[in-house]
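Asker: entry_29.csv is reproduced below (CSV, C-alpha atoms and all ligand atoms).
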chain,number,residue,atom,x,y,z
A,58,MET,CA,9.4,5.2,15.9
A,59,ARG,CA,5.9,4.6,14.6
A,60,ILE,CA,5.4,3.3,11.1
A,61,LEU,CA,2.0,3.3,9.4
A,62,SER,CA,0.7,2.4,6.1
A,63,GLY,CA,-2.4,1.1,4.3
A,64,VAL,CA,-3.4,-0.7,1.2
A,65,GLN,CA,-6.7,0.0,-0.5
A,66,SER,CA,-8.7,-3.2,-0.9
A,67,SER,CA,-9.9,-2.3,-4.3
A,68,GLY,CA,-8.7,-5.3,-6.2
A,69,ARG,CA,-6.8,-8.5,-6.1
A,70,LEU,CA,-3.2,-8.0,-5.0
A,71,HIS,CA,-0.5,-8.6,-7.6
A,72,ILE,CA,3.3,-8.9,-7.6
A,73,GLY,CA,3.6,-5.2,-8.3
A,74,ASN,CA,1.9,-4.5,-5.0
A,75,TYR,CA,4.3,-6.9,-3.3
A,76,TYR,CA,7.6,-5.5,-4.6
A,77,GLY,CA,6.3,-2.0,-4.5
A,78,ALA,CA,4.6,-2.0,-1.1
A,79,LEU,CA,3.8,-5.1,0.9
A,80,ARG,CA,7.4,-6.5,1.0
A,81,GLN,CA,8.6,-3.2,2.5
A,82,PHE,CA,5.8,-3.1,5.0
A,83,VAL,CA,6.5,-6.6,6.3
A,84,GLN,CA,10.3,-5.8,6.6
A,85,MET,CA,9.5,-2.7,8.5
A,86,GLN,CA,7.6,-4.4,11.3
A,87,ASP,CA,11.0,-5.0,12.9
A,88,GLU,CA,12.1,-1.4,12.7
A,89,GLY,CA,9.5,0.2,14.9
A,90,GLU,CA,6.0,0.1,16.1
A,91,ALA,CA,4.1,-0.8,12.9
A,92,TYR,CA,0.4,0.0,12.2
A,93,TYR,CA,-0.9,-1.5,9.0
A,94,PHE,CA,-4.5,-1.3,7.9
A,95,ILE,CA,-6.8,-2.3,5.0
A,96,ALA,CA,-8.2,1.0,3.6
A,97,ASN,CA,-11.7,-0.4,3.0
A,98,LEU,CA,-13.3,3.0,3.3
A,99,HIS,CA,-11.1,4.4,0.6
A,100,ALA,CA,-11.9,1.3,-1.5
A,101,LEU,CA,-15.6,2.4,-1.6
A,102,THR,CA,-14.7,5.1,-4.1
A,103,THR,CA,-14.3,2.3,-6.6
A,104,VAL,CA,-15.8,-0.9,-5.3
A,105,ARG,CA,-19.6,-0.7,-5.4
A,106,ASP,CA,-20.5,-4.3,-4.7
A,107,PRO,CA,-20.9,-5.0,-1.0
A,108,LYS,CA,-20.0,-8.7,-1.2
A,109,LEU,CA,-16.9,-8.0,-3.2
A,110,ALA,CA,-15.9,-5.1,-0.9
A,111,GLU,CA,-16.0,-7.4,2.1
A,112,GLU,CA,-14.2,-10.2,0.3
A,113,LEU,CA,-11.4,-7.9,-0.9
A,114,THR,CA,-10.9,-6.5,2.6
A,115,ARG,CA,-10.4,-10.0,4.0
A,116,GLU,CA,-8.2,-11.0,1.1
A,117,ALA,CA,-5.9,-8.0,1.7
A,118,ALA,CA,-5.7,-8.9,5.4
A,119,MET,CA,-4.9,-12.6,4.5
A,120,ALA,CA,-2.3,-11.3,2.0
A,121,TYR,CA,-0.5,-9.3,4.7
A,122,LEU,CA,-0.5,-12.2,7.1
A,123,SER,CA,0.6,-14.9,4.6
A,124,LEU,CA,3.5,-12.7,3.4
A,125,GLY,CA,4.9,-12.5,6.8
A,126,LEU,CA,3.2,-9.8,8.8
A,127,ASP,CA,3.2,-10.9,12.4
A,128,PRO,CA,0.1,-9.7,14.3
A,129,LYS,CA,2.1,-9.9,17.6
A,130,LYS,CA,4.6,-7.4,16.3
A,131,ALA,CA,2.5,-5.2,14.0
A,132,VAL,CA,-1.0,-3.9,14.6
A,133,LEU,CA,-3.2,-5.1,11.7
A,134,PHE,CA,-6.7,-3.6,11.3
A,135,ARG,CA,-9.5,-2.6,9.1
A,136,GLN,CA,-9.8,1.1,8.5
A,137,SER,CA,-13.6,1.0,9.1
A,138,ASP,CA,-13.2,-0.6,12.5
A,139,VAL,CA,-11.8,2.6,14.0
A,140,LYS,CA,-14.7,5.2,13.7
A,141,GLU,CA,-12.5,7.9,15.1
A,142,VAL,CA,-10.9,8.3,11.7
A,143,LEU,CA,-14.2,9.6,10.3
A,144,GLU,CA,-14.4,12.3,13.0
A,145,LEU,CA,-10.8,13.4,12.4
A,146,ASN,CA,-11.6,13.3,8.7
A,147,TRP,CA,-14.3,16.0,9.2
A,148,ILE,CA,-12.4,18.1,11.7
A,149,LEU,CA,-9.3,18.1,9.5
A,150,GLY,CA,-11.4,18.9,6.5
A,151,THR,CA,-12.3,22.2,8.1
A,152,VAL,CA,-8.7,23.4,7.7
A,153,VAL,CA,-8.0,21.9,4.3
A,154,PRO,CA,-7.7,24.4,1.5
A,155,HIS,CA,-10.0,23.5,-1.4
A,156,ALA,CA,-7.3,24.4,-3.8
A,157,HIS,CA,-5.0,21.7,-2.4
A,158,LEU,CA,-7.6,19.0,-3.3
A,159,GLU,CA,-8.0,20.5,-6.7
A,160,ARG,CA,-4.4,20.1,-7.5
A,161,ALA,CA,-4.1,16.5,-6.1
A,162,HIS,CA,-2.3,14.4,-8.8
A,163,SER,CA,-4.5,11.3,-8.1
A,164,TYR,CA,-7.6,13.4,-8.6
A,165,LYS,CA,-6.4,15.1,-11.7
A,166,ASP,CA,-5.2,11.8,-13.2
A,167,LYS,CA,-8.7,10.3,-12.7
A,168,ILE,CA,-10.4,13.4,-14.2
A,169,ALA,CA,-8.0,13.2,-17.2
A,170,LYS,CA,-9.1,9.6,-17.7
A,171,GLY,CA,-12.7,10.8,-18.0
A,172,ILE,CA,-13.9,9.5,-14.6
A,173,SER,CA,-16.6,11.7,-13.4
A,174,PRO,CA,-15.6,12.6,-9.8
A,175,ASP,CA,-17.8,12.2,-6.8
A,176,PHE,CA,-17.2,13.8,-3.4
A,177,GLY,CA,-15.4,10.7,-2.1
A,178,LEU,CA,-12.8,10.8,-4.7
A,179,PHE,CA,-12.2,14.5,-4.2
A,180,ALA,CA,-12.0,14.2,-0.4
A,181,TYR,CA,-9.8,11.0,-0.6
A,182,PRO,CA,-6.6,12.8,0.5
A,183,VAL,CA,-8.3,14.2,3.6
A,184,LEU,CA,-9.3,10.7,4.8
A,185,MET,CA,-5.8,9.5,4.1
A,186,ALA,CA,-4.3,12.3,6.1
A,187,ALA,CA,-6.7,11.4,9.0
A,188,ASP,CA,-5.5,7.8,8.7
A,189,ILE,CA,-1.9,9.0,9.3
A,190,LEU,CA,-2.4,11.7,11.8
A,191,LEU,CA,-4.8,9.7,14.0
A,192,TYR,CA,-1.9,7.4,15.0
A,193,SER,CA,0.8,10.0,15.2
A,194,ALA,CA,2.9,8.2,12.6
A,195,ASP,CA,6.5,9.1,12.1
A,196,PHE,CA,7.0,7.3,8.8
A,197,VAL,CA,4.7,6.2,6.1
A,198,PRO,CA,6.1,3.7,3.6
A,199,VAL,CA,4.4,4.3,0.2
A,200,GLY,CA,4.9,4.2,-3.5
A,201,LYS,CA,6.0,7.3,-5.4
A,202,ASP,CA,2.5,8.1,-6.5
A,203,GLN,CA,1.5,8.7,-2.8
A,204,ILE,CA,4.1,11.2,-1.9
A,205,GLN,CA,1.9,14.2,-2.5
A,206,HIS,CA,-0.7,12.8,-0.1
A,207,ILE,CA,1.9,12.6,2.7
A,208,GLU,CA,2.9,16.2,2.0
A,209,PHE,CA,-0.7,17.2,2.3
A,210,ALA,CA,-0.9,15.4,5.6
A,211,ARG,CA,2.1,17.4,6.8
A,212,ASP,CA,0.7,20.7,5.6
A,213,TRP,CA,-2.7,20.2,7.1
A,214,ALA,CA,-1.2,19.0,10.4
A,215,VAL,CA,0.8,22.2,10.6
A,216,LYS,CA,-2.3,24.2,9.7
A,217,PHE,CA,-4.4,22.5,12.4
A,218,ASN,CA,-1.6,23.0,15.0
A,219,VAL,CA,-1.2,26.7,14.1
A,220,THR,CA,-4.9,27.2,14.4
A,221,TYR,CA,-5.6,25.3,17.6
A,222,VAL,CA,-2.4,24.9,19.6
A,223,PRO,CA,-1.5,28.1,21.6
A,224,GLY,CA,2.3,28.5,21.5
A,225,TYR,CA,2.8,26.2,18.5
A,226,ASP,CA,5.6,27.3,16.2
A,227,PRO,CA,5.6,25.6,12.8
A,228,GLN,CA,9.5,26.0,12.7
A,229,ASP,CA,9.6,23.9,15.9
A,230,SER,CA,6.8,21.4,15.5
A,231,GLU,CA,7.9,19.2,18.4
A,232,GLY,CA,8.0,22.3,20.7
A,233,LYS,CA,11.7,21.7,21.7
A,234,GLU,CA,12.5,25.3,22.3
A,235,LYS,CA,11.5,27.2,25.5
A,236,GLY,CA,8.1,28.8,25.3
A,237,HIS,CA,7.0,26.6,22.3
A,238,ALA,CA,4.3,24.1,22.6
A,239,PRO,CA,4.4,20.8,20.6
A,240,GLY,CA,1.7,20.2,18.0
A,241,ILE,CA,-1.2,17.9,18.7
A,242,LEU,CA,-0.9,16.4,15.2
A,243,LYS,CA,2.5,15.0,14.5
A,244,LEU,CA,4.1,15.6,11.2
A,245,PRO,CA,4.7,12.4,9.2
A,246,ALA,CA,7.4,11.7,6.6
A,247,ALA,CA,7.1,9.5,3.5
A,248,ARG,CA,9.4,6.6,3.1
A,249,VAL,CA,9.7,5.7,-0.5
A,250,GLN,CA,11.5,2.5,-1.5
A,251,GLU,CA,13.7,3.9,-4.2
A,252,SER,CA,15.2,0.6,-5.2
A,253,THR,CA,12.0,-0.9,-6.4
A,254,ALA,CA,11.4,0.4,-9.9
A,255,VAL,CA,8.0,0.0,-11.4
A,256,VAL,CA,7.2,-3.6,-11.8
A,257,PRO,CA,6.1,-4.2,-15.4
A,258,GLY,CA,2.9,-6.1,-16.3
A,259,VAL,CA,2.7,-8.9,-18.8
A,260,ASP,CA,2.2,-6.4,-21.6
A,261,GLY,CA,5.2,-4.3,-20.6
A,262,GLN,CA,3.2,-1.3,-19.1
A,263,LYS,CA,3.2,-0.7,-15.4
A,264,MET,CA,1.6,-3.7,-13.7
A,265,SER,CA,-1.8,-2.4,-12.4
A,266,LYS,CA,-5.1,-3.9,-11.8
A,267,SER,CA,-6.6,-1.2,-14.0
A,268,TYR,CA,-4.7,-2.5,-17.0
A,269,GLY,CA,-5.6,-6.1,-16.7
A,270,ASN,CA,-1.9,-7.0,-17.0
A,271,THR,CA,-1.2,-8.4,-13.5
A,272,ILE,CA,0.3,-11.6,-12.2
A,273,GLU,CA,-1.7,-12.1,-9.0
A,274,LEU,CA,-0.1,-13.1,-5.7
A,275,PHE,CA,-2.9,-15.5,-4.6
A,276,GLY,CA,-4.7,-16.2,-7.9
A,277,ASP,CA,-5.6,-19.5,-9.4
A,278,GLU,CA,-2.6,-21.5,-10.4
A,279,LYS,CA,-3.7,-22.1,-14.0
A,280,GLU,CA,-4.4,-18.4,-14.5
A,281,ILE,CA,-1.0,-17.5,-13.2
A,282,LYS,CA,0.6,-19.9,-15.7
A,283,LYS,CA,-1.4,-18.5,-18.5
A,284,ARG,CA,-0.4,-15.0,-17.6
A,285,ILE,CA,3.3,-15.9,-17.4
A,286,MET,CA,3.4,-17.9,-20.6
A,287,GLY,CA,1.6,-14.9,-22.2
A,288,ILE,CA,4.2,-12.3,-21.3
A,289,LYS,CA,4.8,-10.0,-24.3
A,290,THR,CA,8.1,-10.7,-26.0
A,291,ASP,CA,9.6,-9.6,-29.3
A,292,SER,CA,10.5,-11.7,-32.4
A,293,THR,CA,14.2,-12.2,-31.6
A,294,ALA,CA,15.4,-15.6,-32.9
A,295,VAL,CA,16.2,-18.4,-30.4
A,296,GLU,CA,19.9,-18.3,-31.2
A,297,ALA,CA,20.2,-14.5,-31.0
A,298,PRO,CA,21.1,-12.4,-27.9
A,299,LYS,CA,17.9,-11.0,-26.3
A,300,PRO,CA,17.4,-7.3,-25.7
A,301,THR,CA,17.2,-6.2,-22.0
A,302,GLU,CA,15.4,-3.0,-22.6
A,303,ASN,CA,11.6,-3.0,-22.9
A,304,ALA,CA,11.7,-6.6,-21.9
A,305,PRO,CA,9.1,-7.3,-19.2
A,306,LEU,CA,10.2,-11.0,-19.0
A,307,TYR,CA,13.8,-10.0,-18.3
A,308,ASP,CA,12.7,-7.5,-15.6
A,309,LEU,CA,10.4,-10.0,-13.9
A,310,LEU,CA,13.2,-12.7,-13.9
A,311,LYS,CA,15.5,-10.2,-12.3
A,312,LEU,CA,12.9,-9.4,-9.7
A,313,MET,CA,11.9,-13.0,-8.8
A,314,LEU,CA,15.0,-15.1,-9.3
A,315,PRO,CA,17.2,-15.4,-6.2
A,316,GLU,CA,20.2,-13.1,-6.4
A,317,SER,CA,22.5,-16.1,-6.6
A,318,ARG,CA,20.8,-17.4,-9.7
A,319,PHE,CA,20.2,-14.3,-11.7
A,320,PRO,CA,23.7,-13.7,-13.1
A,321,GLU,CA,23.8,-17.1,-14.9
A,322,VAL,CA,20.4,-16.4,-16.5
A,323,ASP,CA,21.4,-12.9,-17.3
A,324,ALA,CA,24.5,-14.2,-19.1
A,325,SER,CA,22.5,-16.7,-21.2
A,326,TRP,CA,19.9,-14.1,-22.0
A,327,ARG,CA,22.6,-11.8,-23.4
A,328,ALA,CA,24.4,-14.6,-25.2
A,329,GLY,CA,21.4,-16.1,-27.0
A,330,GLY,CA,20.7,-19.8,-27.6
A,331,LYS,CA,17.5,-20.1,-25.6
A,332,GLY,CA,14.0,-19.2,-26.6
A,333,TYR,CA,11.6,-17.0,-24.6
A,334,GLY,CA,9.5,-20.1,-23.8
A,335,GLU,CA,12.3,-21.5,-21.7
A,336,TYR,CA,12.7,-18.3,-19.8
A,337,LYS,CA,9.0,-18.2,-19.2
A,338,LYS,CA,9.1,-21.6,-17.6
A,339,LEU,CA,11.9,-20.5,-15.5
A,340,LEU,CA,9.9,-17.5,-14.3
A,341,LEU,CA,7.0,-19.7,-13.5
A,342,GLU,CA,9.3,-21.8,-11.3
A,343,ALA,CA,10.7,-18.7,-9.7
A,344,TYR,CA,7.2,-17.4,-9.0
A,345,HIS,CA,6.3,-20.7,-7.2
A,346,ASP,CA,9.6,-20.7,-5.3
A,347,THR,CA,9.1,-17.1,-4.2
A,348,PHE,CA,5.4,-17.2,-3.4
A,349,GLY,CA,4.7,-20.9,-2.8
A,350,PRO,CA,5.0,-20.8,1.0
A,351,ALA,CA,2.9,-17.6,1.2
A,352,ARG,CA,0.2,-19.1,-1.0
A,353,LYS,CA,0.1,-22.1,1.2
A,354,ARG,CA,-0.4,-20.0,4.3
A,355,TYR,CA,-3.1,-18.0,2.5
A,356,GLU,CA,-5.0,-21.2,1.8
A,357,GLU,CA,-4.8,-22.2,5.5
A,358,LEU,CA,-6.1,-18.8,6.6
A,359,LYS,CA,-8.9,-19.0,4.1
A,360,ARG,CA,-10.1,-22.1,5.8
A,361,ASP,CA,-10.1,-20.4,9.2
A,362,PRO,CA,-12.1,-17.2,8.8
A,363,ALA,CA,-12.7,-17.0,12.6
A,364,GLU,CA,-9.0,-16.8,13.3
A,365,LEU,CA,-8.7,-14.0,10.7
A,366,GLU,CA,-11.5,-12.1,12.3
A,367,ARG,CA,-9.9,-12.5,15.7
A,368,ILE,CA,-6.7,-11.1,14.5
A,369,LEU,CA,-8.5,-8.1,12.9
A,370,GLN,CA,-10.6,-7.5,16.0
A,371,ASP,CA,-7.5,-7.5,18.2
A,372,GLY,CA,-5.7,-5.1,15.9
A,373,ALA,CA,-8.8,-2.8,15.8
A,374,GLU,CA,-8.8,-2.7,19.6
A,375,ARG,CA,-5.2,-1.7,19.8
A,376,ALA,CA,-5.6,0.9,17.1
A,377,ARG,CA,-8.7,2.3,18.8
A,378,ALA,CA,-6.9,2.8,22.1
A,379,GLU,CA,-4.4,5.0,20.3
A,380,ALA,CA,-7.0,6.8,18.2
A,381,SER,CA,-9.2,7.6,21.2
A,382,ARG,CA,-6.3,9.2,23.1
A,383,LEU,CA,-5.6,11.5,20.2
A,384,MET,CA,-9.2,12.4,19.5
A,385,GLN,CA,-9.7,13.5,23.1
A,386,ARG,CA,-7.0,16.1,22.6
A,387,VAL,CA,-8.3,17.1,19.2
A,388,ARG,CA,-11.9,17.5,20.5
A,389,ARG,CA,-10.7,19.6,23.4
A,390,ALA,CA,-8.6,21.7,21.1
A,391,VAL,CA,-11.5,22.6,18.8
A,392,GLY,CA,-14.2,22.9,21.4
A,393,ILE,CA,-16.2,19.7,21.0
A,394,PRO,CA,-17.3,18.0,24.3
B,1,LIG,P1,-2.9,-0.7,-8.9
B,1,LIG,O1,-2.0,0.1,-9.8
B,1,LIG,O2,-2.9,-2.1,-9.2
B,1,LIG,O3,-4.3,-0.1,-8.8
B,1,LIG,P2,-2.5,0.4,-6.3
B,1,LIG,O4,-2.5,1.8,-6.9
B,1,LIG,O5,-3.6,0.0,-5.5
B,1,LIG,O6,-2.2,-0.6,-7.4
B,1,LIG,O7,-1.1,0.3,-5.5
B,1,LIG,C1,-1.0,-0.2,-4.2
B,1,LIG,C2,0.5,-0.1,-3.8
B,1,LIG,O8,1.3,-0.9,-4.6
B,1,LIG,C3,1.1,1.3,-4.0
B,1,LIG,O9,2.0,1.5,-2.9
B,1,LIG,C4,1.8,1.3,-5.3
B,1,LIG,O10,2.9,2.2,-5.3
B,1,LIG,C5,2.3,-0.2,-5.3
B,1,LIG,N1,2.3,-0.6,-6.7
B,1,LIG,C6,1.2,-0.9,-7.5
B,1,LIG,N2,1.6,-1.3,-8.7
B,1,LIG,C7,3.0,-1.3,-8.8
B,1,LIG,C8,4.0,-1.6,-9.7
B,1,LIG,N3,3.6,-2.0,-11.0
B,1,LIG,N4,5.3,-1.5,-9.4
B,1,LIG,C9,5.6,-1.1,-8.2
B,1,LIG,N5,4.7,-0.8,-7.2
B,1,LIG,C10,3.4,-0.9,-7.5
B,2,LIG,N1,-3.9,5.8,-0.8
B,2,LIG,C1,-3.1,4.6,-0.5
B,2,LIG,C2,-2.9,3.8,-1.8
B,2,LIG,O1,-3.7,3.9,-2.7
B,2,LIG,C3,-3.7,3.8,0.5
B,2,LIG,C4,-3.9,4.5,1.8
B,2,LIG,C5,-5.0,4.9,2.4
B,2,LIG,C6,-2.8,4.8,2.7
B,2,LIG,N2,-4.7,5.6,3.6
B,2,LIG,C7,-3.3,5.5,3.8
B,2,LIG,C8,-1.4,4.6,2.6
B,2,LIG,C9,-2.5,6.0,4.8
B,2,LIG,C10,-0.6,5.1,3.6
B,2,LIG,C11,-1.2,5.8,4.7
B,2,LIG,O2,-1.9,3.1,-1.9
Translate this file's structure into structure tokens.
Ligand code: ADP
Ligand code: TRP
Answerer:
Amino acid sequence: MRILSGVQSSGRLHIGNYYGALRQFVQMQDEGEAYYFIANLHALTTVRDPKLAEELTREAAMAYLSLGLDPKKAVLFRQSDVKEVLELNWILGTVVPHAHLERAHSYKDKIAKGISPDFGLFAYPVLMAADILLYSADFVPVGKDQIQHIEFARDWAVKFNVTYVPGYDPQDSEGKEKGHAPGILKLPAARVQESTAVVPGVDGQKMSKSYGNTIELFGDEKEIKKRIMGIKTDSTAVEAPKPTENAPLYDLLKLMLPESRFPEVDASWRAGGKGYGEYKKLLLEAYHDTFGPARKRYEELKRDPAELERILQDGAERARAEASRLMQRVRRAVGIP
């Protein structure tokens, strides 16, 4: 079983990214052959500062590694290090219906926010499909917002196979029945981690780098403290029971406290008698207990950029071997020497 996923290096990673994506990726490295990459080409649709683009790419790689990704088990690489993805991006684009891209949620959301779209943003799902199909991934762990992109990748893989693979039957994509040929592009499936609800930010909205409400994973210690102490709370009196709805502090405690400790905190929250300040201190402690070891590894990696580069080069080499095999078949199928 091959698992593949990417994170866009378009901002500093926060705990929403961890609980919604990275944690799952790291766990899955034991379930199959895992390919994880830093989507630094996708990031160019929003990051226009070359120094920052490079920095964020390295930071995302260090984040994966410090959170437990083992480069001996999983293949970790930079998207831009495997140029084959750009070739597949183009070839795939020739079978992508324009109408699909026009109804992409991510694109429509950005237009609705008044962002004036460039070609890169419009074509974003095609490159993402190429990312997935290039490595014949079976499963793609993603957040809910990315499901449509995986469905597109499936549709376009079918369309490519129907167009270019003689004997391919879309009802029998693996070509199991007699007389059928398997597709060249394998159909991927999304793996959504249902149990992780949306992680709230310090203001109670969805935690997102675009809302400025994040608690960073590897940010400055003082800033983390400031953010946690500034979590939005209501005016419930110290003695009174605290509401558990629309309470980001409560949700974050539930997420970050060890399972064995949460019930006791939950009970005191519901009983009243403690002020929000105390719970914030508790959350800060839980943050350091949860992420302290990873933060330490992150600092070590930061001091050894050559080692990081070596890991990424090794990953790129392994990814390229896979990519070049698939591209040979794709080129032959479409008639490119
Ligand atoms: P952001 O919203 O900060 O721009 P991204 O869109 O880059 O984050 O998300 C990267 C990954 O992290 C996606 O898989 C997304 O589903 C997950 N993710 C981001 N924010 C949250 C959140 N608040 N709760 C749960 N998962 C999240
Ligand atoms: N679009 C994804 C996100 O924003 C990142 C991504 C790019 C990706 N290519 C991918 C995820 C391929 C999974 C597979 O989260």
Asker: Around ligand LIG 2 (chain B), which protein and nucleic acid residues have at least one atom no more than 6 Å from it, if we count only C-alpha atoms and all ligand atoms? List them as a PyMOL selection string.
Answerer: chain A and resi 62-65+96+185+188-189+197
Asker: Counting only C-alpha atoms and all ligand atoms, which residue out of A:Asp202, A:Asp127, A:Asp106, A:Glu296 sits closest to ligand LIG 1 (chain B)?
Answerer: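 Looking only at the distances to ligand LIG 1 (chain B), the closest residue turns out to be A:Asp202.
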Asker: 9 Å from ligand LIG 1 (chain B) is the threshold here; counting only C-alpha atoms and all ligand atoms, which polymer residues fall inside it? Answer as a ChimeraX atom specification.
Answerer: /A:63-79,198-203,253-258,262-269,271
Asker: Could you tell me, as a list in words, which residues have any atom at most 10 Å from (-5.9, -12.6, 5.6), counting all atoms listed in the file?
Answerer: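 Protein, DNA and RNA residues close to (-5.9, -12.6, 5.6): Leu113, Thr114, Arg115, Glu116, Ala117, Ala118, Met119, Ala120, Tyr121, Leu122, Ser123, Leu124, Arg354, Tyr355, Glu356, Glu357, Leu358, Lys359, Asp361, Pro362, Glu364, Leu365, Glu366, Ile368 and Leu369 of chain A.
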Asker: Would you mind reading off the distance between CA of Leu244 (chain A) and CA of Ala214 (chain A), one decimal, in Å?
Answerer: 6.3 Å
Asker: Tell me which protein, DNA and RNA residues are within 8 Å of Ala194 (chain A), counting all atoms listed in the file, leaving out same-chain ones fewer than 4 positions away, and put them as an mmCIF file with C-alpha atoms, in the frame of the given file.
Answerer:
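Dumped to out.cif:
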data_model
loop_
_atom_site.group_PDB
_atom_site.id
_atom_site.type_symbol
_atom_site.label_atom_id
_atom_site.label_comp_id
_atom_site.auth_asym_id
_atom_site.auth_seq_id
_atom_site.Cartn_x
_atom_site.Cartn_y
_atom_site.Cartn_z
ATOM 1 C CA MET A 58 9.400 5.200 15.900
ATOM 2 C CA ARG A 59 5.900 4.600 14.600
ATOM 3 C CA ILE A 60 5.400 3.300 11.100
ATOM 4 C CA LEU A 61 2.000 3.300 9.400
ATOM 5 C CA ILE A 189 -1.900 9.000 9.300
ATOM 6 C CA LEU A 190 -2.400 11.700 11.800
ATOM 7 C CA LYS A 243 2.500 15.000 14.500
ATOM 8 C CA LEU A 244 4.100 15.600 11.200
ATOM 9 C CA PRO A 245 4.700 12.400 9.200
#
Asker: Using only C-alpha atoms for the distances, tell me which of A:Pro394, A:Tyr307, A:Leu383, A:Leu184 is nearest to Gly150 (chain A).
Answerer: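 Closest candidate: A:Leu184.
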Asker: At a cut-off of 12 Å, using all atoms listed in the file, what residues contact region 282-292 of chain A? Leave out same-chain residues fewer than 2 positions from it and give the result as a ChimeraX atom specification.
Answerer: /A:71,257-262,264,269-273,276-280,294-310,332-345
Asker: Nearest residue to Val249 (chain A) out of A:Glu231, A:Phe319, A:Gln81, A:Tyr221, using all atoms listed in the file?
Answerer: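 Of all the options, A:Gln81 lies closest to Val249 (chain A).
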Asker: Suppose you want the space between CA of Lys216 (chain A) and CA of Pro154 (chain A); what is it in Å?
Answerer: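 These two atoms are separated by 9.8 Å.
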Asker: In Å to one decimal, how far is CA of Asn218 (chain A) from CA of Gly240 (chain A)?
Answerer: 5.3 Å
Asker: Excluding Pro320 (chain A) and any residue of its chain fewer than 5 positions from it, enumerate the residues within 12 Å of it, using all atoms listed in the file, and give them as an mmCIF file with C-alpha atoms, in the frame of the given file.
Answerer:
data_model
loop_
_atom_site.group_PDB
_atom_site.id
_atom_site.type_symbol
_atom_site.label_atom_id
_atom_site.label_comp_id
_atom_site.auth_asym_id
_atom_site.auth_seq_id
_atom_site.Cartn_x
_atom_site.Cartn_y
_atom_site.Cartn_z
ATOM 1 C CA TYR A 307 13.800 -10.000 -18.300
ATOM 2 C CA LEU A 310 13.200 -12.700 -13.900
ATOM 3 C CA LYS A 311 15.500 -10.200 -12.300
ATOM 4 C CA LEU A 314 15.000 -15.100 -9.300
ATOM 5 C CA PRO A 315 17.200 -15.400 -6.200
ATOM 6 C CA SER A 325 22.500 -16.700 -21.200
ATOM 7 C CA TRP A 326 19.900 -14.100 -22.000
ATOM 8 C CA ARG A 327 22.600 -11.800 -23.400
#
